[in-house]
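Quick look at coords-v8.txt (compact mmCIF, C-alpha atoms):
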# COMPACT_ATOMS: atom_id res chain seq x y z
CA MET G 1343 47.59 35.61 -60.97
CA PHE G 1344 45.52 34.79 -57.93
CA SER G 1345 47.71 31.88 -56.85
CA SER G 1346 50.88 33.98 -56.86
CA PHE G 1347 49.05 36.64 -54.90
CA ARG G 1348 47.85 34.04 -52.43
CA SER G 1349 51.33 32.62 -51.87
CA ALA G 1350 52.64 36.12 -51.33
CA VAL G 1351 49.98 36.69 -48.69
CA ARG G 1352 50.80 33.39 -47.06
CA SER G 1353 54.52 34.07 -46.91
CA ASN G 1354 53.79 37.44 -45.42
CA ILE G 1355 51.71 35.85 -42.70
CA LEU G 1356 54.31 33.19 -41.99
CA ALA G 1357 57.08 35.71 -41.87
CA ALA G 1358 55.24 37.76 -39.30
CA GLY G 1359 55.78 35.07 -36.68
CA SER G 1360 53.48 34.26 -33.76
CA THR G 1361 53.06 37.64 -32.20
CA TRP G 1362 49.67 38.85 -31.06
CA ARG G 1363 49.51 41.01 -34.10
CA THR G 1364 49.87 38.02 -36.38
CA CYS G 1365 47.19 36.14 -34.47
CA LYS G 1366 44.85 38.96 -35.11
CA ILE G 1367 45.58 38.82 -38.80
CA LEU G 1368 45.13 35.05 -38.91
CA THR G 1369 41.82 35.06 -37.05
CA PHE G 1370 40.51 37.71 -39.39
CA PRO G 1371 38.14 36.03 -41.81
CA PHE G 1372 40.60 36.32 -44.63
CA PRO G 1373 38.92 35.50 -47.88
CA GLN G 1374 41.32 32.75 -48.79
CA LYS G 1375 38.51 30.72 -50.34
CA GLN G 1376 37.69 33.49 -52.75
CA PHE G 1377 41.20 33.42 -54.08
CA SER G 1378 41.31 29.65 -54.49
CA THR G 1379 39.82 29.60 -57.95
CA SER G 1380 42.56 27.35 -59.31
CA ALA G 1381 41.32 24.42 -61.41
CA LYS G 1382 41.95 21.69 -58.83
CA ALA G 1383 39.75 23.15 -56.12
CA ALA G 1384 37.01 24.23 -58.55
CA VAL G 1385 36.39 21.03 -60.53
CA GLY G 1386 34.12 19.22 -58.09
CA PRO G 1387 31.40 21.66 -57.03
CA THR G 1388 31.33 23.75 -60.25
CA SER G 1389 30.77 20.84 -62.61
CA MET G 1390 28.04 19.53 -60.31
CA THR G 1391 26.41 22.96 -60.28
CA GLN G 1392 26.72 23.15 -64.03
CA LYS G 1393 25.01 19.81 -64.39
CA VAL G 1394 22.18 20.88 -62.13
CA ILE G 1395 21.76 24.19 -63.99
CA ALA G 1396 21.90 22.52 -67.41
CA GLY G 1397 19.46 19.85 -66.30
CA GLY G 1398 17.10 22.46 -64.90
CA ALA G 1399 17.27 24.54 -68.07
CA LEU G 1400 16.63 21.48 -70.22
CA ALA G 1401 13.71 20.39 -68.05
CA SER G 1402 12.09 23.84 -68.04
CA GLY G 1403 12.68 24.20 -71.81
CA LEU G 1404 11.04 20.87 -72.51
CA THR G 1405 8.17 21.68 -70.17
CA ALA G 1406 7.64 25.07 -71.82
CA SER G 1407 7.73 23.55 -75.31
CA PHE G 1408 5.25 20.89 -74.28
CA LEU G 1409 2.92 23.43 -72.70
CA LEU G 1410 3.15 25.73 -75.75
CA TYR G 1411 2.37 22.82 -78.03
CA GLN G 1412 -0.55 21.81 -75.83
CA ASP G 1413 -1.66 25.42 -75.92
CA SER G 1414 -1.71 25.47 -79.72
CA VAL G 1415 -3.76 22.32 -80.19
CA PHE G 1416 -7.10 23.68 -78.99
CA ALA G 1417 -8.51 27.14 -79.58
CA GLU G 1418 -9.78 27.49 -76.06
CA ALA G 1419 -9.78 30.65 -74.01
CA MET G 1420 -6.32 32.16 -73.41
CA THR G 1421 -4.48 29.82 -75.76
CA ALA G 1422 -2.16 30.64 -78.67
CA ALA G 1423 -4.77 29.58 -81.20
CA GLU G 1424 -7.32 31.83 -79.58
CA HIS G 1425 -5.04 34.84 -80.03
CA GLY G 1426 -4.37 33.99 -83.65
CA LEU G 1427 -1.17 33.47 -85.59
CA HIS G 1428 1.14 36.48 -85.49
CA PRO G 1429 1.54 38.01 -88.95
CA PRO G 1430 5.01 38.25 -90.48
CA ALA G 1431 6.58 41.74 -90.69
CA TYR G 1432 6.22 42.79 -94.32
CA ASN G 1433 8.47 45.30 -96.00
CA TRP G 1434 5.90 48.05 -96.65
CA SER G 1435 7.13 50.90 -98.80
CA HIS G 1436 5.87 53.36 -96.16
CA ASN G 1437 7.61 51.67 -93.22
CA GLY G 1438 10.59 54.02 -92.93
CA MET G 1439 10.72 57.12 -90.77
CA PHE G 1440 10.63 59.41 -93.80
CA ASP G 1441 8.75 57.20 -96.29
CA THR G 1442 5.37 58.30 -97.61
CA PHE G 1443 2.56 56.09 -98.84
CA ASP G 1444 2.77 54.76 -102.37
CA HIS G 1445 -0.08 56.82 -103.83
CA ALA G 1446 -0.40 54.66 -106.94
CA SER G 1447 -1.04 51.79 -104.53
CA ILE G 1448 -3.67 53.85 -102.66
CA ARG G 1449 -5.41 54.50 -105.98
CA ARG G 1450 -5.46 50.79 -106.88
CA GLY G 1451 -6.48 49.99 -103.30
CA TYR G 1452 -9.54 52.23 -103.57
CA GLN G 1453 -10.53 50.32 -106.70
CA VAL G 1454 -10.24 47.02 -104.81
CA TYR G 1455 -12.25 48.46 -101.91
CA ARG G 1456 -14.95 49.74 -104.27
CA GLU G 1457 -15.23 46.56 -106.32
CA VAL G 1458 -14.74 43.95 -103.60
CA CYS G 1459 -14.81 45.12 -99.97
CA ALA G 1460 -17.59 47.72 -100.35
CA ALA G 1461 -20.13 44.94 -100.90
CA CYS G 1462 -20.12 44.34 -97.13
CA HIS G 1463 -17.83 46.89 -95.42
CA SER G 1464 -18.56 50.57 -94.88
CA LEU G 1465 -16.04 53.42 -94.81
CA ASP G 1466 -18.06 55.83 -92.71
CA ARG G 1467 -15.38 58.25 -91.59
CA VAL G 1468 -13.86 58.99 -94.98
CA ALA G 1469 -15.32 61.89 -96.99
CA TRP G 1470 -15.05 62.01 -100.75
CA ARG G 1471 -13.10 65.27 -100.58
CA THR G 1472 -10.22 63.60 -98.76
CA LEU G 1473 -9.48 61.47 -101.82
CA VAL G 1474 -8.80 64.57 -103.91
CA GLY G 1475 -5.08 65.10 -104.32
CA VAL G 1476 -4.31 61.78 -102.66
CA SER G 1477 -5.45 59.10 -105.07
CA HIS G 1478 -7.81 60.80 -107.53
CA THR G 1479 -8.25 64.15 -109.23
CA ASN G 1480 -11.00 66.58 -108.34
CA SER G 1481 -13.24 65.70 -111.31
CA GLU G 1482 -12.76 61.97 -110.80
CA VAL G 1483 -13.93 62.19 -107.18
CA ARG G 1484 -16.91 64.39 -108.16
CA GLU G 1485 -17.98 61.74 -110.65
CA MET G 1486 -17.57 58.96 -108.08
CA ALA G 1487 -19.63 60.89 -105.52
CA GLU G 1488 -22.39 61.68 -108.02
CA GLN G 1489 -23.10 57.99 -108.49
CA PHE G 1490 -24.53 57.82 -104.96
CA GLU G 1491 -27.78 59.28 -103.70
CA TYR G 1492 -28.01 61.27 -100.48
CA ASP G 1493 -30.94 62.67 -98.53
CA ASP G 1494 -31.71 66.24 -99.53
CA GLU G 1495 -33.80 68.90 -97.80
CA PRO G 1496 -37.56 68.26 -98.13
CA ASP G 1497 -39.48 70.22 -100.77
CA ASP G 1498 -42.16 72.87 -100.02
CA GLN G 1499 -44.77 70.18 -99.32
CA GLY G 1500 -42.43 68.40 -96.89
CA ASN G 1501 -41.78 65.43 -99.11
CA PRO G 1502 -38.32 63.91 -98.71
CA ARG G 1503 -36.01 64.44 -101.65
CA LYS G 1504 -32.81 62.88 -102.86
CA ARG G 1505 -29.78 64.51 -104.46
CA ALA G 1506 -26.56 63.32 -106.04
CA GLY G 1507 -23.49 63.12 -103.83
CA LYS G 1508 -20.91 65.88 -103.70
CA LEU G 1509 -17.34 66.22 -102.45
CA ALA G 1510 -18.36 67.16 -98.89
CA ASP G 1511 -20.38 63.94 -98.40
CA TYR G 1512 -19.04 60.90 -96.62
CA ILE G 1513 -18.65 57.62 -98.49
CA PRO G 1514 -21.91 55.70 -98.00
CA GLY G 1515 -21.88 52.16 -96.64
CA PRO G 1516 -23.63 49.11 -98.08
CA TYR G 1517 -26.18 48.76 -95.28
CA ALA G 1518 -28.56 51.19 -93.64
CA ASN G 1519 -27.67 50.11 -90.09
CA GLU G 1520 -26.01 47.36 -88.05
CA GLN G 1521 -29.16 45.20 -87.90
CA ALA G 1522 -29.43 45.19 -91.69
CA ALA G 1523 -25.73 44.27 -91.94
CA ARG G 1524 -26.12 41.39 -89.49
CA ALA G 1525 -29.27 40.13 -91.20
CA ALA G 1526 -27.43 40.01 -94.54
CA ASN G 1527 -24.37 38.22 -93.14
CA GLN G 1528 -25.79 35.39 -91.02
CA GLY G 1529 -25.51 37.43 -87.85
CA ALA G 1530 -21.92 38.58 -88.40
CA PHE G 1531 -21.28 42.33 -88.52
CA PRO G 1532 -18.69 43.41 -91.11
CA PRO G 1533 -16.67 46.07 -89.26
CA ASP G 1534 -16.28 49.59 -90.60
CA LEU G 1535 -12.91 49.86 -92.35
CA SER G 1536 -12.16 53.56 -91.76
CA LEU G 1537 -9.82 52.91 -88.84
CA ILE G 1538 -9.32 49.17 -89.17
CA VAL G 1539 -5.53 49.37 -89.61
CA LYS G 1540 -5.20 51.26 -86.34
CA ALA G 1541 -7.76 49.04 -84.64
CA ARG G 1542 -5.99 45.69 -85.11
CA HIS G 1543 -2.79 44.36 -83.58
CA GLY G 1544 -0.19 43.99 -86.30
CA ALA G 1545 -1.87 46.79 -88.34
CA CYS G 1546 -0.99 46.47 -92.05
CA ASP G 1547 0.82 43.18 -91.58
CA TYR G 1548 -2.27 41.65 -89.96
CA ILE G 1549 -4.69 42.87 -92.64
CA PHE G 1550 -2.45 41.59 -95.44
CA ALA G 1551 -1.81 38.26 -93.71
CA LEU G 1552 -5.53 37.81 -93.05
CA LEU G 1553 -6.54 38.57 -96.65
CA THR G 1554 -3.97 36.22 -98.14
CA GLY G 1555 -3.92 33.63 -95.33
CA TYR G 1556 -6.97 31.50 -96.15
CA PRO G 1557 -5.87 27.88 -96.59
CA ASP G 1558 -7.75 25.70 -99.10
CA GLU G 1559 -9.00 23.51 -96.29
CA PRO G 1560 -8.96 23.91 -92.54
CA PRO G 1561 -6.37 21.73 -90.78
CA ALA G 1562 -7.48 18.33 -89.57
CA GLY G 1563 -9.30 18.42 -86.27
CA VAL G 1564 -10.48 22.01 -86.50
CA VAL G 1565 -14.19 22.28 -85.85
CA LEU G 1566 -15.74 25.45 -87.23
CA PRO G 1567 -19.09 26.92 -86.26
CA PRO G 1568 -21.63 26.97 -89.11
CA GLY G 1569 -21.14 29.78 -91.63
CA SER G 1570 -17.53 30.46 -90.70
CA ASN G 1571 -14.20 29.97 -92.45
CA TYR G 1572 -10.79 29.01 -91.15
CA ASN G 1573 -8.05 31.62 -91.04
CA PRO G 1574 -5.07 31.08 -88.72
CA TYR G 1575 -4.41 34.84 -88.40
CA PHE G 1576 -7.90 35.58 -87.10
CA PRO G 1577 -8.11 35.20 -83.32
CA GLY G 1578 -9.83 31.88 -82.67
CA GLY G 1579 -9.35 30.77 -86.28
CA ALA G 1580 -13.03 30.96 -87.27
CA ILE G 1581 -13.90 34.06 -89.30
CA ALA G 1582 -17.27 34.87 -90.84
CA MET G 1583 -15.67 36.48 -93.89
CA GLY G 1584 -14.62 33.96 -96.51
CA ARG G 1585 -11.72 34.36 -98.87
CA VAL G 1586 -12.65 37.21 -101.23
CA LEU G 1587 -9.49 38.01 -103.18
CA PHE G 1588 -8.68 35.78 -106.13
CA ASP G 1589 -6.25 36.40 -108.99
CA ASP G 1590 -7.55 38.76 -111.70
CA LEU G 1591 -10.65 39.71 -109.71
CA VAL G 1592 -10.26 43.35 -110.69
CA GLU G 1593 -8.66 44.94 -113.72
CA TYR G 1594 -6.23 47.71 -112.82
CA GLU G 1595 -6.24 50.74 -115.11
CA ASP G 1596 -2.44 51.09 -114.86
CA GLY G 1597 -1.89 47.53 -116.09
CA THR G 1598 -0.57 46.12 -112.82
CA PRO G 1599 -1.22 42.34 -112.74
CA ALA G 1600 -4.07 41.85 -110.27
CA THR G 1601 -2.75 38.93 -108.27
CA THR G 1602 -4.25 38.09 -104.89
CA SER G 1603 -1.24 39.45 -103.01
CA GLN G 1604 -1.09 42.59 -105.18
CA MET G 1605 -4.74 43.38 -104.46
CA ALA G 1606 -4.28 42.63 -100.75
CA LYS G 1607 -1.24 44.92 -100.62
CA ASP G 1608 -3.04 47.73 -102.45
CA VAL G 1609 -6.20 47.58 -100.38
CA THR G 1610 -4.16 47.43 -97.17
CA THR G 1611 -2.21 50.53 -98.22
CA PHE G 1612 -5.52 52.26 -99.01
CA LEU G 1613 -6.95 51.29 -95.62
CA ASN G 1614 -3.79 52.47 -93.90
CA TRP G 1615 -4.22 55.82 -95.62
CA ALA G 1616 -7.87 55.88 -94.51
CA SER G 1617 -6.73 55.31 -90.92
CA GLU G 1618 -3.87 57.79 -91.07
CA PRO G 1619 -4.60 60.46 -93.68
CA ASP G 1620 -2.04 62.72 -92.00
CA HIS G 1621 0.71 60.09 -92.42
CA ASP G 1622 2.81 61.78 -95.14
CA GLU G 1623 2.60 65.25 -93.66
CA ARG G 1624 3.36 63.89 -90.20
CA LYS G 1625 6.61 62.30 -91.38
CA GLN G 1626 7.63 65.44 -93.25
CA LEU G 1627 6.97 67.61 -90.19
CA GLY G 1628 8.75 65.07 -88.01
CA LEU G 1629 11.91 65.47 -90.06
CA LYS G 1630 11.75 69.22 -89.62
CA ALA G 1631 11.00 68.95 -85.90
CA ILE G 1632 13.91 66.57 -85.31
CA ILE G 1633 16.38 68.87 -87.07
CA VAL G 1634 15.18 72.11 -85.43
CA LEU G 1635 14.77 70.70 -81.92
CA SER G 1636 18.11 68.85 -81.89
CA SER G 1637 19.91 71.97 -83.16
CA LEU G 1638 18.27 74.07 -80.45
CA TYR G 1639 19.24 71.46 -77.87
CA LEU G 1640 22.89 71.44 -78.96
CA ILE G 1641 22.97 75.24 -78.97
CA SER G 1642 21.53 75.32 -75.47
CA VAL G 1643 24.18 72.85 -74.27
CA TYR G 1644 26.89 75.04 -75.77
CA VAL G 1645 25.48 78.24 -74.26
CA LYS G 1646 25.16 76.59 -70.85
CA LYS G 1647 28.77 75.39 -70.92
CA PHE G 1648 29.93 78.80 -72.16
CA LYS G 1649 28.11 80.70 -69.44
CA TRP G 1650 29.14 78.35 -66.66
CA ALA G 1651 32.77 77.92 -67.71
CA GLY G 1652 33.98 80.81 -65.56
CA ILE G 1653 32.07 79.59 -62.52
CA LYS G 1654 32.95 75.91 -62.89
CA THR G 1655 36.69 76.52 -63.32
CA ARG G 1656 37.23 79.16 -60.64
CA LYS G 1657 39.31 78.35 -57.62
CA ILE G 1658 38.34 79.58 -54.17
CA ARG G 1659 41.29 80.06 -51.85
CA PHE G 1660 41.04 80.87 -48.18
CA THR G 1661 43.85 82.94 -46.84
CA PRO G 1662 43.61 82.91 -43.06
CA PRO G 1663 44.20 86.23 -41.28
CA LYS G 1664 47.76 86.72 -40.12
CA ASN G 1665 46.89 87.14 -36.44
CA MET U 830 26.31 100.39 -73.37
CA SER U 831 28.80 103.03 -72.21
CA LYS U 832 31.40 100.34 -71.60
CA GLY U 833 30.99 98.99 -75.15
CA ARG U 834 31.41 102.40 -76.70
CA LYS U 835 35.05 102.41 -75.66
CA ILE U 836 35.96 99.93 -78.39
CA VAL U 837 34.48 101.96 -81.22
CA LEU U 838 36.51 101.23 -84.31
CA THR U 839 36.81 103.70 -87.09
CA LEU U 840 36.34 102.67 -90.69
CA THR U 841 39.62 101.93 -92.35
CA PRO U 842 40.16 100.40 -95.79
CA HIS U 843 41.81 97.30 -94.30
CA GLN U 844 39.56 96.47 -91.40
CA SER U 845 39.05 92.78 -90.75
CA PHE U 846 35.87 90.81 -91.38
CA TYR U 847 35.16 90.52 -87.68
CA THR U 848 35.43 94.25 -87.20
CA THR U 849 32.93 94.84 -89.98
CA LEU U 850 30.65 92.20 -88.50
CA TYR U 851 30.91 93.77 -85.07
CA ASN U 852 30.25 97.27 -86.33
CA THR U 853 27.29 96.34 -88.52
CA VAL U 854 25.55 93.70 -86.39
CA PHE U 855 26.60 93.44 -82.77
CA LYS U 856 27.47 96.98 -81.78
CA ARG U 857 23.94 98.34 -81.50
CA ASN U 858 21.11 96.44 -79.91
CA SER U 859 18.75 97.68 -82.64
CA THR U 860 20.82 96.14 -85.43
CA PHE U 861 21.48 92.99 -83.39
CA VAL U 862 17.78 92.30 -82.73
CA GLY U 863 16.92 93.32 -86.29
CA THR U 864 19.45 90.86 -87.66
CA ILE U 865 18.01 88.06 -85.52
CA PHE U 866 14.45 88.76 -86.70
CA PHE U 867 15.47 89.07 -90.34
CA ALA U 868 17.59 85.90 -90.20
CA GLY U 869 14.70 83.99 -88.64
CA PHE U 870 12.39 85.31 -91.34
CA LEU U 871 14.72 83.99 -94.06
CA PHE U 872 15.73 80.78 -92.28
CA GLN U 873 12.22 79.35 -91.90
CA PRO U 874 11.28 79.18 -95.63
CA ALA U 875 14.85 78.24 -96.59
CA LEU U 876 14.87 75.22 -94.25
CA ASP U 877 11.32 74.34 -95.26
CA SER U 878 12.01 74.31 -98.98
CA ALA U 879 15.30 72.46 -98.56
CA LEU U 880 13.70 69.71 -96.47
CA THR U 881 10.67 69.48 -98.76
CA ALA U 882 12.98 69.08 -101.75
CA TRP U 883 14.89 66.29 -100.00
CA PHE U 884 11.69 64.60 -98.81
CA GLU U 885 10.10 64.64 -102.25
CA ASN U 886 13.28 63.36 -103.84
CA HIS U 887 13.48 60.60 -101.21
CA ASN U 888 9.91 59.51 -102.03
CA LYS U 889 10.08 60.09 -105.75
CA GLY U 890 7.55 58.04 -107.71
CA LYS U 891 5.29 57.36 -104.74
CA LEU U 892 3.86 60.86 -104.32
CA TRP U 893 0.53 61.95 -105.77
CA LYS U 894 2.16 64.55 -108.01
CA ASP U 895 4.17 61.74 -109.64
CA VAL U 896 1.18 59.41 -109.89
CA LYS U 897 -0.91 62.20 -111.42
CA LEU U 898 1.43 62.43 -114.39
CA THR U 899 0.80 58.80 -115.26
CA LEU U 900 -2.96 59.41 -115.60
CA ASN U 901 -4.45 60.43 -118.91
CA GLY U 902 -5.30 64.11 -119.09
CA ALA U 903 -5.07 64.61 -115.34
CA ALA U 904 -1.86 66.63 -115.36
CA GLU U 905 -3.60 69.98 -115.90
CA GLU U 906 -6.26 69.43 -113.27
CA ASP U 907 -6.50 71.37 -110.07
CA ASP U 908 -6.26 69.39 -106.86
CA GLU U 909 -7.87 71.94 -104.62

With the file now loaded, output its structure as structure tokens.
Amino acid sequence: MFSSFRSAVRSNILAAGSTWRTCKILTFPFPQKQFSTSAKAAVGPTSMTQKVIAGGALASGLTASFLLYQDSVFAEAMTAAEHGLHPPAYNWSHNGMFDTFDHASIRRGYQVYREVCAACHSLDRVAWRTLVGVSHTNSEVREMAEQFEYDDEPDDQGNPRKRAGKLADYIPGPYANEQAARAANQGAFPPDLSLIVKARHGACDYIFALLTGYPDEPPAGVVLPPGSNYNPYFPGGAIAMGRVLFDDLVEYEDGTPATTSQMAKDVTTFLNWASEPDHDERKQLGLKAIIVLSSLYLISVYVKKFKWAGIKTRKIRFTPPKN
Amino acid sequence: MSKGRKIVLTLTPHQSFYTTLYNTVFKRNSTFVGTIFFAGFLFQPALDSALTAWFENHNKGKLWKDVKLTLNGAAEEDDE
């Protein structure tokens, strides 16, 4: 297409003869080069450019791969190993825009927390009452709370008293304070799990990958500080918590086989609920908000167009005075 | 309002739907505003119950009210 156009331009120029006018046209920086994209003229420079570009891309790719590999060998500051392995994206049953938590899973997850995690981890920000109607019935939660002792008001002589827990109390932790927790765990502080899903990159995926990601032995060459375990998902690779979930560690009341991954999934769902107790209601309200707000928006667009139609389509004509 | 009064339509046995609608709803501001308020009053719970029904059907089996039924003797208990 371009070549025919070019020849037409050329013939036009030639036909115009050698008048001054033609000279002006010829001296004009006519973009003849831009049109000469035919194969013959293009082969030389383009293939050379392609080679240079391909070579550059290959060189930078190889360099980047080498540097990334180098980066992953040592867990030094600002390396890939220091940041930890990224967890895979798991297909949680509450992932969708309108999907609630699996409450049977929350119930099993509380059991795993109570029987396994609660030995070291607290759940300070969760009150017993919040479990009612989520994972347990009212009487079940009352019974669970009554098994713990809380400080009561002192008696008439001022002696401290204890009382059984009630629904309004918060779930007690395993240690009295941080110092006690560190002393019991070789200096490591087991974090509070109330908001742990929100507090970690990767959220649920990270917690699940961490709980199930302990290899039998650390990879060759990894040097761990004393009292720590290797877990590739934990930033730096050395985590004070050892592997805690093993098959059939707990016995579920609903008969679900208590495999390691099942327990990890359940306790992660429970911890996600602890972090986001408003999750189900939020998604339900979101659905309503999307429908109502988008309808109101569409109505407002229609009303605007309706009201402006007469103004937008009017024609203003100026009739000049006769004299 | 005086301009609108010119198109007052008398009741006839064969008046169209739009005429009835106009006469009962739009003609007087009092009935128009009243209709809007009343419709809003009905629309809110209607939308709410429809969406709740869909949402609970969408998440059937995962909700607490479904889990509760699988527990022994918990079905009659109060959650409040």

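Set the cut-off at 6 Å, count only C-alpha atoms, and the residues of chain U near chain G turn out to be Lys891, Leu892, Trp893, Val896 and Asp908 of chain U.
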
Discussion item. Residues proximal to (-11.7, 47.7, -92.4) were defined as those with any atom within 10 Å of that point in the file's coordinates, counting only C-alpha atoms. Which are they, as a ChimeraX atom specification?
Written reply: /G:1455,1459-1460,1463-1465,1532-1542,1549,1609-1610,1613-1614,1616-1617

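Taking CA of Lys894 (chain U) and CA of Tyr1432 (chain G) as endpoints, the distance between them is 26.0 Å.
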
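Going from CA of Thr1405 (chain G) to CA of Tyr1572 (chain G) covers 29.2 Å.
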
Worksheet item: How many Å lie between CA of Gly1403 (chain G) and CA of Ala1431 (chain G), rounded to one decimal?
Response: 26.5 Å

Worksheet item: region 1417-1426 of chain G: which residues within 9 Å, counting all atoms listed in the file, same-chain residues fewer than 3 positions away excluded, as a PyMOL selection string?
Response: chain G and resi 1410+1412-1414+1429+1564+1573-1579

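The smallest atom-to-atom distance between Asp1590 (chain G) and any of G:Gly1515, G:Thr1661, G:Ala1523, G:Val1454, using only C-alpha atoms, is found for G:Val1454.
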
Worksheet item: For Glu1488 (chain G), which residue among G:Asp1547, G:Glu1618, G:Asp1511, G:Glu1559 is the nearest when counting only C-alpha atoms?
Response: G:Asp1511

I need region 885-901 of chain U from the structure I supplied, saved as a short mmCIF file (atom, residue, chain, number, x, y, z; two decimals), in the first residue's frame with N, CA, C and O atoms retained.
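Full text of out09.cif as output:
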data_model
loop_
_atom_site.label_atom_id
_atom_site.label_comp_id
_atom_site.auth_asym_id
_atom_site.auth_seq_id
_atom_site.Cartn_x
_atom_site.Cartn_y
_atom_site.Cartn_z
N GLU U 885 -28.65 -16.67 52.20
CA GLU U 885 -28.63 -17.88 53.04
C GLU U 885 -28.71 -19.13 52.18
O GLU U 885 -28.14 -20.17 52.53
N ASN U 886 -29.39 -19.02 51.04
CA ASN U 886 -29.42 -20.16 50.13
C ASN U 886 -28.06 -20.36 49.47
O ASN U 886 -27.60 -21.49 49.29
N HIS U 887 -27.40 -19.24 49.17
CA HIS U 887 -26.07 -19.28 48.54
C HIS U 887 -25.05 -19.93 49.47
O HIS U 887 -24.12 -20.60 49.02
N ASN U 888 -25.21 -19.71 50.78
CA ASN U 888 -24.25 -20.23 51.76
C ASN U 888 -24.82 -21.39 52.56
O ASN U 888 -24.41 -21.64 53.69
N LYS U 889 -25.76 -22.07 51.98
CA LYS U 889 -26.43 -23.17 52.69
C LYS U 889 -25.42 -24.20 53.17
O LYS U 889 -24.52 -24.59 52.42
N GLY U 890 -25.58 -24.63 54.42
CA GLY U 890 -24.70 -25.67 54.97
C GLY U 890 -23.52 -25.12 55.72
O GLY U 890 -22.91 -25.81 56.52
N LYS U 891 -23.17 -23.85 55.46
CA LYS U 891 -22.02 -23.26 56.14
C LYS U 891 -22.46 -22.38 57.31
O LYS U 891 -21.67 -22.08 58.20
N LEU U 892 -23.72 -21.95 57.30
CA LEU U 892 -24.20 -21.02 58.32
C LEU U 892 -24.40 -21.71 59.66
O LEU U 892 -24.60 -22.92 59.73
N TRP U 893 -24.38 -20.90 60.73
CA TRP U 893 -24.54 -21.45 62.07
C TRP U 893 -25.88 -22.14 62.23
O TRP U 893 -25.98 -23.18 62.86
N LYS U 894 -26.93 -21.59 61.64
CA LYS U 894 -28.25 -22.21 61.82
C LYS U 894 -28.31 -23.60 61.20
O LYS U 894 -29.09 -24.44 61.63
N ASP U 895 -27.46 -23.85 60.18
CA ASP U 895 -27.39 -25.19 59.60
C ASP U 895 -26.52 -26.11 60.46
O ASP U 895 -26.81 -27.30 60.62
N VAL U 896 -25.41 -25.52 60.98
CA VAL U 896 -24.50 -26.32 61.81
C VAL U 896 -25.20 -26.74 63.10
O VAL U 896 -25.04 -27.86 63.59
N LYS U 897 -26.03 -25.83 63.63
CA LYS U 897 -26.72 -26.06 64.89
C LYS U 897 -27.58 -27.32 64.82
O LYS U 897 -27.70 -28.07 65.79
N LEU U 898 -28.18 -27.55 63.67
CA LEU U 898 -29.06 -28.71 63.52
C LEU U 898 -28.31 -30.04 63.59
O LEU U 898 -28.90 -31.06 63.90
N THR U 899 -27.00 -29.99 63.30
CA THR U 899 -26.23 -31.22 63.33
C THR U 899 -25.79 -31.57 64.75
O THR U 899 -25.27 -32.65 64.99
N LEU U 900 -25.96 -30.62 65.71
CA LEU U 900 -25.54 -30.89 67.08
C LEU U 900 -26.67 -31.57 67.85
O LEU U 900 -27.84 -31.31 67.59
N ASN U 901 -26.30 -32.39 68.81
CA ASN U 901 -27.30 -33.10 69.57
C ASN U 901 -28.00 -32.18 70.56
O ASN U 901 -27.36 -31.59 71.42
#
